[in-house]
Each structure stands twice: as structure tokens, then as C-alpha cells.
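**Q** Got a structure for you, written out below as C-alpha cells; questions coming shortly.
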Amino acid sequence: MAQKSNKEPYTEPYRPQFHFSPEKMWMNDPNGMVYNKGVYHLFYQYHPNSMIWGPMHWGHATSKDLLNWQHKPIALYPDEHGLIFSGSAVLDKQNSSGFGTDDNPPLVAIFTYHDAKIKAAGGTGFETQGIAYSLDNGDSWTKYNGNPVIADENSIDFRDPKVFWYEPDQKWIMSLVAGNHAQFYGSKNLKDWDLLSEFGKDKGAHGGVWECPDLIPFKIEDTNKEKWVLFISINPGAPNGGSGTQYFIGDFDGKTFTTDQTEDRWIDWGTDNYAGVTFSNALEDETIFLGWMSNWQYANETPTSTWRGAMTLPRKLTLEPVGKGYALFNYPIEKVDDLISGASPKRLNIAIGDEQSISTDSLMQSEIRFATSSKDFQLKFGNEADEELVLTMKTDGNEFTLDRSRSGKTDFQEDFGTNIQQMPIPDLPDREYEVRIFMDRSSIEIFLNKGHYAMTAQVFPNEDYNVLKIVNTSEKVLEFTGFSIGAVKGVW
Ligand code: FRU
């Protein structure tokens with residue numbers, strides 16, 4: 001595989017060039033994402049001693065723009081209460097916890113302790129919630145000496161606290177999962193928590209355990225309406241197998257989340273966007289999401305060399321009116337545009353029954369973008385090894401599919417290449433809509449209609465894809481406007 005530069009590290013085969021990945025070793029969920037004093041903090045589930053999941057720590061990285069990252073020392077280590085599982089972080093502006101001062105309010109991390117010994121012995125109550133604080137903008141952390149702050153001796157999967165400040169009641173709200181449902185807790189000081197309500201035993205997808213909740217308010221553009229969206233990651237039970245993130249649109253009154261949603265909704269239909277949540281304290285009107293680009297089906301077996309795991313592109317979330325209701329859109333933040341060069345948009349017309357091949361060296365690190373009103377075409381990424389990643393848009397069945405069965409290395413795990421990933425697109429407009437694709441060495445992220453529909457998947461070609469074939473599968477001339485393939489600059 002061609003190497004981008006000889007700058008070490010970050011030149012290994014499959015190493016993402018414009019996505020976050022840890023310097024070395026294993027990473028899963030994004031944790032503790034918080035913005036403070038011009039710095040975005042990303043913490044993450046980290047196993048510093050191995051390429052496979054194991055005793056969890058919180059790794060740490062910082063960024064000023066969500067694209068260029070600086071690796072920082074490990075923030076949280078396991079202690080006598082257990083390993084450090086997923087959670088969140090907040091800026092405690094009013095120093096409600098008393099960990100800081102009015103002049104120097106603390107960052108507070110809220111996370112799950114996982115006691116592997118109790119679990120191995122078949123006990124319950126092995127997951128509890130703990131907190132830690134930092135007075136130097138995330139450089140060093142002190143665990144609270146009253147930990148754990150929430151425990152339930154009968155629980156089993158009781159984790160992933162996501163906390164936000166609820167202005168109307170001047171209190172903190174925590175979303176937490178408890179096996180097959182979510183729970184909401186309230187607190188005035190981040191230390192003492194009361195259970196407020198439960199949600200979801202009889203709502204949404206239940207093919208697996210609920211994980212990584214996030215409850216997020218959205219302003220509806222041009223109205224003064226507010227809606228709340230609850231994210232719940234689920235594993236297994238995602239529409240294309242294994243792990244995925246569902247969402248509920250509803251209302252929250254400071255105590256209870258309610259929804260009249262009856263259908264299952266997914267933020268991303270690909271196999272590789274899991275455990276994603278949003279930044280706390282982000283700049284006004286910005287709801288920014290990062291997900292882990294993998295799937296528990298095969299996360300431990302992907303063929304990378306010195307590290308394992310990467311995050312999605314930072315995506316801006318909006319709630320948009322669609323039909324009689326709303327849909328969650330997720331789309332790369334605008335800053336990503338600054339990384340793109342060499343895109344020279346042109347019109348493409350492909351005759352009935354015809355196809356067009358475009359050869360380019362930069363496909364592995366590219367943005368492909370166009371608009372079309374056609375819903376019958378294929379995009380095939382190919383290489384000299386006769387491998388192919390196939391994207392298909394079809395009106396028959398009204399769906400978009402991704403087939404990676406012949407995309408390269410697939411046999412490291414039986415589920416990786418077997419199924420064609422399907423995304424129903426019932427609300428994709430009939431008029432022209434945008435197709436935007438990012439490929440970054442071992443991942444592809446596809447956004448239809450500005451993030452109305454998203455699909456994220458890992459791929460491991462044995463050689464660089466260097467041909468993009470566009471196939472007209474319709475009964476009409478296929479028209480793409482503003483078609484471009486741009487090179488995306490690496491950030492490492
Ligand atoms: C989600 C998850 C979380 C848990 C963490 C452990 O991927 O299973 O529920 O806190 O990973 O690493």
C-alpha cells in the first residue's frame with residue numbers, strides 16, 4: 001500500500017489520515033467530550049497495553065478545530081473500584097461540585113467503574129458511577145474520594161453516564177443505561193444523584209444491550225420550538241448486524257423523556273459508527289458528534305498493525321423537518337472543507353446502459369461529491385488486485401446499499417464481508433440531492449442529502465483503490481452535476 005509520507009508514525013497501512021486514531025494500541029468509544037477555553041477534549045476507551053480490548057483507561061487528546069489532534073497522557077487509570085468505562089465530562093461553570101473555585105471552575109468527568117472481579121465471580125452490581133475533576137483544563141485529574149456516586153447492587157449493565165446542565169431547573173441531568181432501558185438522574189452538585197425516571201423498556205430496538213445514551217435538545221430552525229433527541233447505542237441488534245446507534249425524537253420536561261415515535265430510527269446505517277455522543281459546552285448552536293468507527297462483531301480482529309480503532313469525522317447534528325415530522329441529520333463540520341483541494345466540479349452524463357471509469361491515485365484519501373436526481377446508479381471503487389467496494393442506489397426497493405464482500409481483506413472475521421449493508425431511503429427527495437463521500441484509507445463515510453442519510457463502513461483493500469467506476473443502471477441518461485474528486489489533506 002502506498003505510503004503518504006515518511007513522517008512516523010501514522011503511515012502504516014490502513015492508518016486514517018484525516019480521522020482521529022490513537023497513537024498506538026486499542027481504542028473504542030469516545031468519552032468525556034467537552035469544549036473548554038478554546039480546546040476540544042476527546043477522551044476515549046483505551047487499552048494501553050494491547051491491540052485488543054482489555055482493562056479500560058481513558059485516553060486523551062485535544063484539538064482546537066476537531067481535526068488536528070494532539071495526543072495527551074492517559075487521563076484516568078483503573079483503581080480499587082474498577083476499570084474506567086465510558087462516560088462524559090462537563091465544565092462545572094458555577095462550581096456546583098465545590099471541586100474548584102468561582103474563578104477556576106472544574107472540569108468534571110463522570111464515568112462508569114467496572115469491577116471485573118465481581119463480574120467474573122457471577123455477581124451483580126459490578127458497574128457503578130464515579131467522578132473525577134480537573135483544575136488545569138484536563139491535564140491532570142483527581143478522583144473524588146466519595147466514589148462511587150451511583151450504585152445499584154442488583155444491576156448488571158449499568159453504565160455510560162452522559163451529563164448535561166438543565167437550565168430551567170438549575171440542575172444536572174444524567175442519562176444512564178441499565179440493560180434494556182435508560183434512566184435519568186438529577187443532581188445539584190454532581191455528587192448526589194436522584195433517580196428521576198426510566199425510559200424505553202417497551203420502545204425502540206432491543207436486539208441487544210443498551211449502551212452510551214445521550215439526551216440532546218434541538219432548536220427547530222425558524223421556530224421557537226424545541227425537541228429532544230435521545231441516542232441509545234445498541235449491541236447487537238443494529239439493522240446491518242452487530243452494533244449501531246438508534247435515536248428517539250421526543251420531549252423532556254426536566255424529569256421524564258417521552259416520545260410518540262413508533263418506528264426504529266438510526267443515526268447511521270453502516271456497520272461502523274458506534275457509541276457516538278456529542279460534545280458538552282460546545283460553541284452556541286453547535287451539536288457535534290463523534291462515533292467510534294467499528295463494530296463489536298469484529299472490532300478486535302480488524303487487520304491494522306500498531307493501533308486499532310478510529311473515530312468518525314466530526315459531524316454536526318441538526319433536527320430537520322421531514323414530511324410531517326423531523327429527522328436527525330448528521331453531516332461533517334464545515335472545517336473539513338479546508339482540508340479538501342483539487343476538486344474541480346464538472347457535469348457528468350452517462351448514457352443508458354453505459355459506465356464511466358475515472359482513474360485517480362488519490363481515491364484512498366478523497367472526497368467525492370456530486371448532485372443528482374437519479375436513484376439508479378452504482379459507484380464502484382476498484383484496484384489492481386481486482387477488489388471492489390460497491391455502492392448501489394436503486395429505486396427498486398428504495399434503498400442504498402454497500403457491498404464490501406470483495407473489497408479487500410474480509411476473512412479476518414466471518415461477519416465482516418458477508419452481508420450487503422442496506423439503508424432504506426424513503427424520504428430522499430425526488431429533486432436533485434447531494435451525495436458526499438469521504439474515503440480515508442480504511443473507512444468510507446457516505447452522506448446523502450446533506451446528512452439526511454449516513455452510512456459508515458470500514459474497508460481493508462489489499463491495494464489502494466485507484467479507479468472509480470460510475471455505472472448507469474437506470475432507463476435514462478444519468479446526470480451528475482458538480483461532480484468532483486478532491487484530495488483530502490492529512491492532519492497527522
Ligand atoms: C460500548 C461499551 C460501553 C462500555 C465500554 C467499555 O462500546 O460497551 O457500554 O462502557 O464500551 O469499553
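Chains: A, B, ... in order of the C-alpha cells. Residues: from 1 per chain. Ligands: from 1, in order shown.
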How close does chain A get to ligand 1? List, as a Markdown table, each residue of chain A within 7 Å, its nearest atom pair and the distance in Å to one decimal, counting only C-alpha atoms and all ligand atoms.

**A**
```
| residue | atom | partner | partner_atom_place_in_ligand_line | distance |
| --- | --- | --- | --- | --- |
| A:Asn28 | CA | ligand 1 | 7 (O) | 6.3 |
| A:Asp29 | CA | ligand 1 | 7 (O) | 5.5 |
| A:Gln45 | CA | ligand 1 | 12 (O) | 5.6 |
| A:Met56 | CA | ligand 1 | 12 (O) | 6.1 |
| A:Phe85 | CA | ligand 1 | 10 (O) | 4.1 |
| A:Ser86 | CA | ligand 1 | 10 (O) | 3.9 |
| A:Thr112 | CA | ligand 1 | 10 (O) | 6.6 |
| A:Arg159 | CA | ligand 1 | 10 (O) | 6.0 |
| A:Asp160 | CA | ligand 1 | 10 (O) | 5.2 |
| A:Glu211 | CA | ligand 1 | 9 (O) | 4.5 |
| A:Cys212 | CA | ligand 1 | 9 (O) | 5.7 |
| A:Tyr274 | CA | ligand 1 | 7 (O) | 6.9 |
| A:Ala275 | CA | ligand 1 | 7 (O) | 5.5 |
```

**Q** Based on DSSP run over this structure's backbone, return all residues of stretch 32-161 of chain A in helix (DSSP H, G or I), as a VMD selection string.

**A** chain A and resid 116 to 120

**Q** Can you pull out every residue from stretch 99-315 of chain A that DSSP, working from the backbone, puts in strand (DSSP E or B), and format the result as a ChimeraX atom specification?

**A** /A:107-114,127-134,142-143,150,158-166,171-178,181-187,194-199,209-219,226-235,244-252,257-258,266,274-278,280,288-292,307-308,311,315

**Q** Closest to A:Leu468 among A:Thr410, A:Asn449, A:Asn36, A:Ser359, using only C-alpha atoms?

**A**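 The shortest atom-to-atom distance to A:Leu468 comes from A:Ser359.
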
**Q** Which residues are near A:Pro48? Cut-off 8 Å, only C-alpha atoms, ignore same chain within fewer than 5 positions. Put them as a list in words.

**A**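 So the residues in contact are Lys24, Met25, Trp26 and His57 of chain A.
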
**Q** I'd like to know which of A:Ala132, A:Leu428, A:Ile249, A:Val163 is closest to A:Gly204, using only C-alpha atoms.

**A**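 Using only C-alpha atoms, A:Gly204 sits closest to A:Ile249.
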
**Q** Using only C-alpha atoms, pick whichever of A:Met293, A:Gly353, A:Ser134, A:Asp430 has the shortest atom-to-atom distance to A:Ser442.

**A**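 So, comparing all the options, the nearest one is A:Met293.
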
**Q** Using only C-alpha atoms, which residue out of A:Thr62, A:Pro13, A:Asn189, A:Trp53 lies closest to A:Gly38?

**A**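 The shortest atom-to-atom distance to A:Gly38 comes from A:Thr62.
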
**Q** Neighbours of stretch 95-110 of chain A within 6 Å (only C-alpha atoms; same-chain residues fewer than 5 positions away dropped), as a count of residues only?

**A** 12
